[in-house]
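K.L.:
Here it is: the structure, laid out below.
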Amino acid sequence: MEAARSGALVTSAIAYAEVMIGAARREAITETRRLFDMIPVLPFELSAAEAYVTLPFKRGSFDRLIAAHALALDLTLVTDNECDFADVPGLRVENWTVPS
């Protein structure tokens, strides 16, 4: 993240919600909100909802909503959980935890 140019990183409102649930459980809301002060949170809009409808269905996962959001905005999804996104056609995925 530190190597990315200013404004190059964004996150989905869906990812924000998922992270904030975990932050609340750990009583780390204030610290987590500071992170999102540096990373703009993009709203989940109609184009993302329409992309979601086209994806292979997996019940009970935020991942499909996040993938649809990235597809709709033509963004690369950065995750260390690549296997959950491997079956999403056209999705660009990068894992920044693996040395390149």
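Simple scheme: letters A, B, ... for chains in structure tokens order, numbers from 1 for residues in each chain, numbers from 1 for ligands in the order shown.
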Where in chain A does DSSP assign strand (DSSP E or B), given as a PyMOL selection string?
P.N.:
chain A and resi 11-12+41-42+77-78+93-94
K.L.:
Contacts of Leu65 of chain A at 7 Å or less, counting only C-alpha atoms, minus same-chain residues fewer than 4 places along, as an NGL selection string?
P.N.:
:A and (14 or 52 or 69)
K.L.:
Just the residues within 12 Å of segment 3-13 of chain A, please, counting only C-alpha atoms, with nothing from its chain fewer than 6 positions along; format it as JSON, numbers by chain.
P.N.:
{"A": [19, 20, 35, 36, 37, 38, 39, 40, 41, 42, 43, 44, 45, 48, 62, 63, 64, 65, 66, 67, 68, 69, 70, 71, 72, 73, 75, 76, 77, 78, 79, 96]}
K.L.:
So that I can check the surroundings of Cys83 of chain A, please list as an mmCIF file with N, CA, C and O atoms, in the first residue's frame every protein, DNA and RNA residue that reaches within 12 Å of it, counting only C-alpha atoms and ignoring chain neighbours fewer than 6 positions away.
P.N.:
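Below you can see selection-v8.cif, which holds the result:
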data_model
loop_
_atom_site.group_PDB
_atom_site.id
_atom_site.type_symbol
_atom_site.label_atom_id
_atom_site.label_comp_id
_atom_site.auth_asym_id
_atom_site.auth_seq_id
_atom_site.Cartn_x
_atom_site.Cartn_y
_atom_site.Cartn_z
ATOM 1 N N ASP A 63 -17.780 -11.835 -0.889
ATOM 2 C CA ASP A 63 -16.807 -11.860 -1.978
ATOM 3 C C ASP A 63 -17.427 -11.625 -3.348
ATOM 4 O O ASP A 63 -16.844 -10.949 -4.195
ATOM 5 N N VAL A 93 -7.148 -10.089 -10.545
ATOM 6 C CA VAL A 93 -6.855 -10.276 -9.121
ATOM 7 C C VAL A 93 -5.349 -10.207 -8.914
ATOM 8 O O VAL A 93 -4.583 -10.772 -9.686
ATOM 9 N N GLU A 94 -4.938 -9.487 -7.867
ATOM 10 C CA GLU A 94 -3.526 -9.449 -7.456
ATOM 11 C C GLU A 94 -3.439 -9.807 -5.980
ATOM 12 O O GLU A 94 -4.313 -9.441 -5.198
ATOM 13 N N ASN A 95 -2.381 -10.498 -5.627
ATOM 14 C CA ASN A 95 -2.108 -10.844 -4.243
ATOM 15 C C ASN A 95 -0.815 -10.148 -3.832
ATOM 16 O O ASN A 95 0.262 -10.560 -4.256
#
K.L.:
Taking only C-alpha atoms into account, which of A:Met1, A:Val88, A:Ala15, A:Ile21 comes nearest Phe57 of chain A?
P.N.:
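Of A:Met1, A:Val88, A:Ala15, A:Ile21, the one nearest Phe57 of chain A, counting only C-alpha atoms, is A:Val88.
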K.L.:
Among the residues of chain A, find those DSSP assigns to alpha helix (DSSP H) from the backbone and print them as a count of residues only.
P.N.:
41
